[in-house]
Amino acid sequence: MITKKAVLYFVGFLTLGLGFIGVFLPILPTTPFLIISLTCFASCNEKMYNKILKIKYFNEFIENYRNNSGVTVKTKIRAISTLWLGMLIACFIVDKIIVVCILILIGIGVTIHIYSLKTRMG
(Lines give C-alpha, C1' and ligand atoms only; values in the text may rest on other atoms or scores of the structure.)
Protein backbone atom coordinates (compact mmCIF):
# COMPACT_ATOMS: atom_id res chain seq x y z
CA MET A 1 0.00 0.00 0.00
CA ILE A 2 1.32 3.44 -0.94
CA THR A 3 1.42 5.81 2.01
CA LYS A 4 0.99 9.57 2.08
CA LYS A 5 4.64 9.90 3.11
CA ALA A 6 5.78 7.88 0.08
CA VAL A 7 3.76 10.08 -2.26
CA LEU A 8 5.21 13.22 -0.65
CA TYR A 9 8.74 11.85 -1.06
CA PHE A 10 8.09 10.98 -4.70
CA VAL A 11 6.54 14.36 -5.55
CA GLY A 12 9.21 16.16 -3.52
CA PHE A 13 12.11 14.53 -5.35
CA LEU A 14 10.38 14.76 -8.73
CA THR A 15 9.75 18.50 -8.38
CA LEU A 16 13.20 19.07 -6.93
CA GLY A 17 14.67 17.40 -10.01
CA LEU A 18 12.47 19.44 -12.33
CA GLY A 19 13.47 22.60 -10.46
CA PHE A 20 17.13 21.70 -10.90
CA ILE A 21 16.63 21.09 -14.61
CA GLY A 22 14.77 24.41 -14.78
CA VAL A 23 17.95 26.20 -13.70
CA PHE A 24 19.50 25.22 -17.02
CA LEU A 25 16.39 24.89 -19.19
CA PRO A 26 14.32 28.07 -19.00
CA ILE A 27 11.16 26.46 -20.33
CA LEU A 28 10.82 24.80 -16.90
CA PRO A 29 10.09 27.25 -14.09
CA THR A 30 12.54 26.67 -11.25
CA THR A 31 10.81 28.49 -8.40
CA PRO A 32 7.36 26.86 -8.51
CA PHE A 33 8.92 23.40 -8.59
CA LEU A 34 11.14 24.27 -5.62
CA ILE A 35 8.17 25.61 -3.66
CA ILE A 36 6.23 22.39 -4.32
CA SER A 37 9.26 20.33 -3.33
CA LEU A 38 9.74 22.30 -0.11
CA THR A 39 6.06 21.95 0.72
CA CYS A 40 6.27 18.18 0.31
CA PHE A 41 9.45 17.83 2.36
CA ALA A 42 8.12 20.13 5.09
CA SER A 43 5.42 17.51 5.66
CA CYS A 44 7.54 14.36 5.46
CA ASN A 45 11.26 15.09 5.92
CA GLU A 46 12.43 18.18 7.77
CA LYS A 47 16.09 17.24 7.21
CA MET A 48 15.63 17.29 3.41
CA TYR A 49 13.64 20.52 3.67
CA ASN A 50 16.55 22.19 5.48
CA LYS A 51 19.10 20.78 3.02
CA ILE A 52 17.23 22.34 0.09
CA LEU A 53 17.07 25.69 1.88
CA LYS A 54 20.85 25.57 2.36
CA ILE A 55 21.63 25.10 -1.35
CA LYS A 56 23.09 28.49 -2.17
CA TYR A 57 21.77 28.74 -5.72
CA PHE A 58 18.25 27.61 -4.86
CA ASN A 59 18.14 29.86 -1.81
CA GLU A 60 18.08 32.97 -4.00
CA PHE A 61 14.99 31.75 -5.88
CA ILE A 62 13.24 30.72 -2.69
CA GLU A 63 13.97 33.94 -0.79
CA ASN A 64 12.93 36.14 -3.71
CA TYR A 65 9.65 34.23 -3.83
CA ARG A 66 9.09 34.33 -0.07
CA ASN A 67 9.86 38.05 0.19
CA ASN A 68 8.19 38.95 -3.10
CA SER A 69 11.34 40.97 -3.80
CA GLY A 70 11.25 40.45 -7.56
CA VAL A 71 13.76 39.67 -10.27
CA THR A 72 16.49 41.87 -11.68
CA VAL A 73 16.21 43.20 -15.24
CA LYS A 74 19.42 41.33 -16.08
CA THR A 75 17.87 38.05 -14.91
CA LYS A 76 14.70 38.70 -16.91
CA ILE A 77 16.66 39.48 -20.08
CA ARG A 78 18.87 36.40 -19.63
CA ALA A 79 15.87 34.14 -18.96
CA ILE A 80 13.84 35.38 -21.91
CA SER A 81 16.84 35.32 -24.27
CA THR A 82 17.79 31.78 -23.25
CA LEU A 83 14.16 30.68 -23.48
CA TRP A 84 13.76 31.91 -27.06
CA LEU A 85 17.16 30.63 -28.16
CA GLY A 86 16.17 27.18 -26.90
CA MET A 87 12.75 27.50 -28.52
CA LEU A 88 14.25 28.45 -31.89
CA ILE A 89 16.66 25.52 -31.78
CA ALA A 90 13.81 23.16 -30.84
CA CYS A 91 11.61 24.53 -33.64
CA PHE A 92 14.34 23.84 -36.22
CA ILE A 93 14.87 20.32 -34.88
CA VAL A 94 11.18 19.39 -34.73
CA ASP A 95 9.47 18.93 -38.07
CA LYS A 96 5.86 18.78 -36.85
CA ILE A 97 3.98 22.07 -37.17
CA ILE A 98 1.69 21.30 -34.22
CA VAL A 99 4.69 20.82 -31.90
CA VAL A 100 6.24 24.07 -33.16
CA CYS A 101 2.95 25.89 -32.51
CA ILE A 102 2.76 24.45 -28.99
CA LEU A 103 6.38 25.46 -28.30
CA ILE A 104 5.69 29.00 -29.50
CA LEU A 105 2.59 29.24 -27.30
CA ILE A 106 4.55 27.98 -24.30
CA GLY A 107 7.32 30.48 -25.08
CA ILE A 108 4.83 33.34 -25.25
CA GLY A 109 3.24 32.27 -21.96
CA VAL A 110 6.58 31.95 -20.16
CA THR A 111 7.75 35.29 -21.59
CA ILE A 112 4.60 37.01 -20.35
CA HIS A 113 5.07 35.40 -16.93
CA ILE A 114 8.72 36.47 -16.67
CA TYR A 115 7.90 39.97 -17.88
CA SER A 116 5.07 40.26 -15.32
CA LEU A 117 7.31 39.38 -12.37
CA LYS A 118 8.09 42.27 -10.07
CA THR A 119 11.35 43.93 -11.12
CA ARG A 120 13.92 44.81 -8.48
CA MET A 121 16.99 46.95 -8.76
CA GLY A 122 20.37 45.36 -8.41
# chains A, B, ... in the order shown; residues from 1 in each chain; ligands from 1
>>> select_by_dssp(residues="chain A", states="alpha helix (DSSP H)", output="MDAnalysis selection string")
chainID A and resid 4:24 30:44 46:54 56:67 73:93 97:116
>>> residues_around(residues="Leu34 of chain A", least_positions_apart="2", cutoff="8 Å", atoms="only C-alpha atoms", output="list in words")
Thr15, Leu16, Gly19, Thr30, Thr31, Pro32, Ile36, Ser37, Leu38, Phe58 and Ile62 of chain A
>>> closest_residue(among="A:Gly17, A:Tyr9, A:Glu60, A:Leu25", to="Glu46 of chain A", atoms="only C-alpha atoms")
A:Tyr9
>>> residues_around(residues="Cys40 of chain A", least_positions_apart="6", cutoff="8 Å", atoms="only C-alpha atoms", output="ChimeraX atom specification")
/A:8-9,11-12
>>> residues_around(residues="Ile80 of chain A", least_positions_apart="3", cutoff="10 Å", atoms="only C-alpha atoms", output="list in words")
Pro26, Ile27, Thr75, Lys76, Ile77, Leu83, Trp84, Leu85, Gly86, Gly107, Ile108, Val110, Thr111, Ile112, Ile114 and Tyr115 of chain A
>>> closest_residue(among="A:Tyr65, A:Phe41, A:Phe20, A:Phe13", to="Lys118 of chain A", atoms="only C-alpha atoms")
A:Tyr65
>>> closest_residue(among="A:Ser116, A:Thr3, A:Thr39, A:Thr82", to="Gly70 of chain A", atoms="only C-alpha atoms")
A:Ser116
>>> atom_distance(atom1="atom CA of Ile102 of chain A", atom2="atom CA of Leu88 of chain A")
12.5 Å
